[in-house]
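Engineer: Have a look at this one.
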There are 2 protein chains.
Amino acid sequence: MKVVVGSPGTWSGLLLRTGQCAFAGASIAVMLSAYGFSNYTAFCYLIASMGLQTLWSFGLLCLDVFALKSKRDLHNPLLISLFVVGDWVTATLSLAAACSSAGVLVLFMRDVGFCRKYPQLSCGRFETSISMAFVTWFLVAKSSLAMFWILASV
Amino acid sequence: MKVVVGSPGTWSGLLLRTGQCAFAGASIAVMLSAYGFSNYTAFCYLIASMGLQTLWSFGLLCLDVFALKSKRDLHNPLLISLFVVGDWVTATLSLAAACSSAGVLVLFMRDVGFCRKYPQLSCGRFETSISMAFVTWFLVAKSSLAMFWILASV
C-alpha cells in the first residue's frame, strides 16, 4: 500500500486530524456565542454537522496517536475502507452545512440587508464560524482523498 | 487500466453524462420559470453552477459518443487526470450551489414562513429545481468517483 501525505498512523495524518478537530470545535464555539443563531435551521445544522465531524476526527486522532506510540501499521484494507466511507460522509455533510449556512448569510448580508437593519444579529460571528467550517471541510477533503487514493492503489 | 461503471467512452459513461445534462438543464429551466428568483444570490448561483455543469457534461457526452462511434479508447492517464479535475470541481460547485439554495429555501419555508405569507413566491418551483440539482450532483459524484478510481489504479 502506498503511503501518502495524510495516511492514517503517520505524523501528517495526525496533524490533519488535529486541524480538523480544532477548526470544527472553534466553528461550534463561535456559532454558539452568536446571538440568535437558534432561530435559523441552517446554523443549527452547521453545529450538528461540525459536532459529528469533531467526534469522527477525534476518534481517528486517538487511533493515530495509538499507532504512532505502538508503531502499529494501520494500512489494512478493511480499516482503510471504513475510514474512506466515514471521511466521505462527514466531508459531504460538512460541505453541505457550510454552504447552506453561507447561503443564508449571503441572503442576510446582501439580498435583504438584515445585518445592516438589525445590528444585534451577530453577522460577524456567523461569518467567522462559517469560514472555519469551510477550512474544516478542506482538511477533511484532503484526508478523504488520501484514504481513497490508498484504497484504490491496493 | 480498470474499466468501471461510468468510465469514459462506455455506454454507462454516456448514460451518466446524459443524465447529468438532462437534470442540470431541467433545474435551470424550472428555476428560470420561478417568480422572483433573481432577487436571491443563492438561486442565481444555482443557475450559474448548473450552467457550467451542463456545458462540462455535454462536452464529455460528445466525447463519449465520438469514442463509441470510432471505437477509440479514452483510458489515457492524461485525459483521465483532466476528467478527474473537471469532475471534482464541477461536483463540488454543484453541491455547494444546491446546498446554499436549500439553506435559503428552508429559511423561507420553516424559519420565517415567507412561503405561507407570500403565495406569489414560487416555493414549489424552487424546491423542484433544487431537488434536480441534488440529483445532478449525485450523478456527477458517481462519475468523478469512477474517474478517480481509474486514475488511482493505473
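We label chains A, B, ... in the order they appear in the C-alpha cells, count residues from 1 in each chain, and number ligands from 1 in the order shown.
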Within 7 Å of chain B, which residues of chain A are there when counting only C-alpha atoms? Please give them as a ChimeraX atom specification.
Structural biologist: /A:39-42,96,99-104,107,111,149,152-153
Engineer: Residues at most 7 Å from segment 29-34 of chain B, counting only C-alpha atoms, excluding those fewer than 2 positions away in the same chain, as a list of chain:residue names?
Structural biologist: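 Using only C-alpha atoms, the neighbours found are B:Gly25, B:Ala26, B:Ser27, B:Gly36, B:Phe37, B:Ser122, B:Arg125, B:Phe126, B:Ser129.
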Engineer: Per DSSP on the backbone, filter chain B down to the residues in helix (DSSP H, G or I) and report them as a ChimeraX atom specification.
Structural biologist: /B:11-32,37-39,41-70,77-111,114-117,123-152
Engineer: For segment 63-77 of chain B, work out the shell of residues within 9 Å, counting only C-alpha atoms and skipping chain neighbours fewer than 2 positions away, then give it as a PyMOL selection string.
Structural biologist: chain B and resi 1-3+7-11+13-14+17+58-61+79-82+150-151+154
Engineer: Record the distance separating atom CA of Gln20 of chain A and atom CA of Leu93 of chain A, expressed in Å with one decimal.
Structural biologist: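 Between atom CA of Gln20 of chain A and atom CA of Leu93 of chain A the gap works out to 13.9 Å.
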Engineer: Can you tell me, as a PyMOL selection string, what residues are no more than 12 Å from Ala91 of chain B when counting only C-alpha atoms, ignoring any on the same chain fewer than 2 positions away?
Structural biologist: (chain A and resi 92+95) or (chain B and resi 20+24+49-50+52-54+56-57+83-89+93-98+133-145)
Engineer: Quick one: write out the picked residues with C-alpha atoms as a PDB file, in the first residue's frame?
Structural biologist:
ATOM      1  CA  THR A  92     -20.056  15.824   2.341  1.00  0.00           C
ATOM      2  CA  LEU A  95     -19.596  20.994   2.946  1.00  0.00           C
TER       3      LEU A  95
ATOM      4  CA  GLN B  20     -26.249  14.985 -15.772  1.00  0.00           C
ATOM      5  CA  ALA B  24     -28.889  20.233 -14.803  1.00  0.00           C
ATOM      6  CA  SER B  49     -23.343  26.417 -11.410  1.00  0.00           C
ATOM      7  CA  MET B  50     -25.868  24.210 -13.236  1.00  0.00           C
ATOM      8  CA  LEU B  52     -21.317  25.214 -16.014  1.00  0.00           C
ATOM      9  CA  GLN B  53     -22.253  21.610 -15.183  1.00  0.00           C
ATOM     10  CA  THR B  54     -24.365  21.327 -18.348  1.00  0.00           C
ATOM     11  CA  TRP B  56     -18.946  20.286 -18.950  1.00  0.00           C
ATOM     12  CA  SER B  57     -21.205  17.210 -19.076  1.00  0.00           C
ATOM     13  CA  PHE B  83     -11.635  14.488 -16.383  1.00  0.00           C
ATOM     14  CA  VAL B  84     -10.943  13.906 -12.661  1.00  0.00           C
ATOM     15  CA  VAL B  85     -10.096  17.565 -12.008  1.00  0.00           C
ATOM     16  CA  GLY B  86     -13.052  18.827 -14.059  1.00  0.00           C
ATOM     17  CA  ASP B  87     -15.483  16.406 -12.474  1.00  0.00           C
ATOM     18  CA  TRP B  88     -14.309  17.230  -8.946  1.00  0.00           C
ATOM     19  CA  VAL B  89     -14.521  20.959  -9.467  1.00  0.00           C
ATOM     20  CA  LEU B  93     -19.635  23.613  -7.173  1.00  0.00           C
ATOM     21  CA  SER B  94     -22.920  21.771  -7.849  1.00  0.00           C
ATOM     22  CA  LEU B  95     -23.163  20.515  -4.270  1.00  0.00           C
ATOM     23  CA  ALA B  96     -22.300  23.982  -2.933  1.00  0.00           C
ATOM     24  CA  ALA B  97     -24.976  25.608  -5.128  1.00  0.00           C
ATOM     25  CA  ALA B  98     -27.640  23.021  -4.259  1.00  0.00           C
ATOM     26  CA  ALA B 133     -29.622  19.993  -8.685  1.00  0.00           C
ATOM     27  CA  PHE B 134     -29.081  17.379  -5.957  1.00  0.00           C
ATOM     28  CA  VAL B 135     -29.760  14.557  -8.453  1.00  0.00           C
ATOM     29  CA  THR B 136     -27.247  16.185 -10.838  1.00  0.00           C
ATOM     30  CA  TRP B 137     -24.652  16.324  -8.056  1.00  0.00           C
ATOM     31  CA  PHE B 138     -25.256  12.649  -7.244  1.00  0.00           C
ATOM     32  CA  LEU B 139     -24.674  11.647 -10.891  1.00  0.00           C
ATOM     33  CA  VAL B 140     -21.515  13.796 -11.163  1.00  0.00           C
ATOM     34  CA  ALA B 141     -20.228  12.354  -7.877  1.00  0.00           C
ATOM     35  CA  LYS B 142     -20.680   8.858  -9.357  1.00  0.00           C
ATOM     36  CA  SER B 143     -18.702   9.870 -12.483  1.00  0.00           C
ATOM     37  CA  SER B 144     -15.935  11.559 -10.523  1.00  0.00           C
ATOM     38  CA  LEU B 145     -15.507   8.605  -8.146  1.00  0.00           C
TER      39      LEU B 145
END
Engineer: Please report the interatomic distance between atom CA of Leu121 of chain B and atom CA of Glu127 of chain A in Å with one decimal.
Structural biologist: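 Atom CA of Leu121 of chain B sits 27.6 Å away from atom CA of Glu127 of chain A.
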Engineer: Quick one: distance from atom CA of Ala48 of chain B to atom CA of Tyr35 of chain B in Å, one decimal?
Structural biologist: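 Spanning atom CA of Ala48 of chain B to atom CA of Tyr35 of chain B is a straight-line distance of 17.4 Å.
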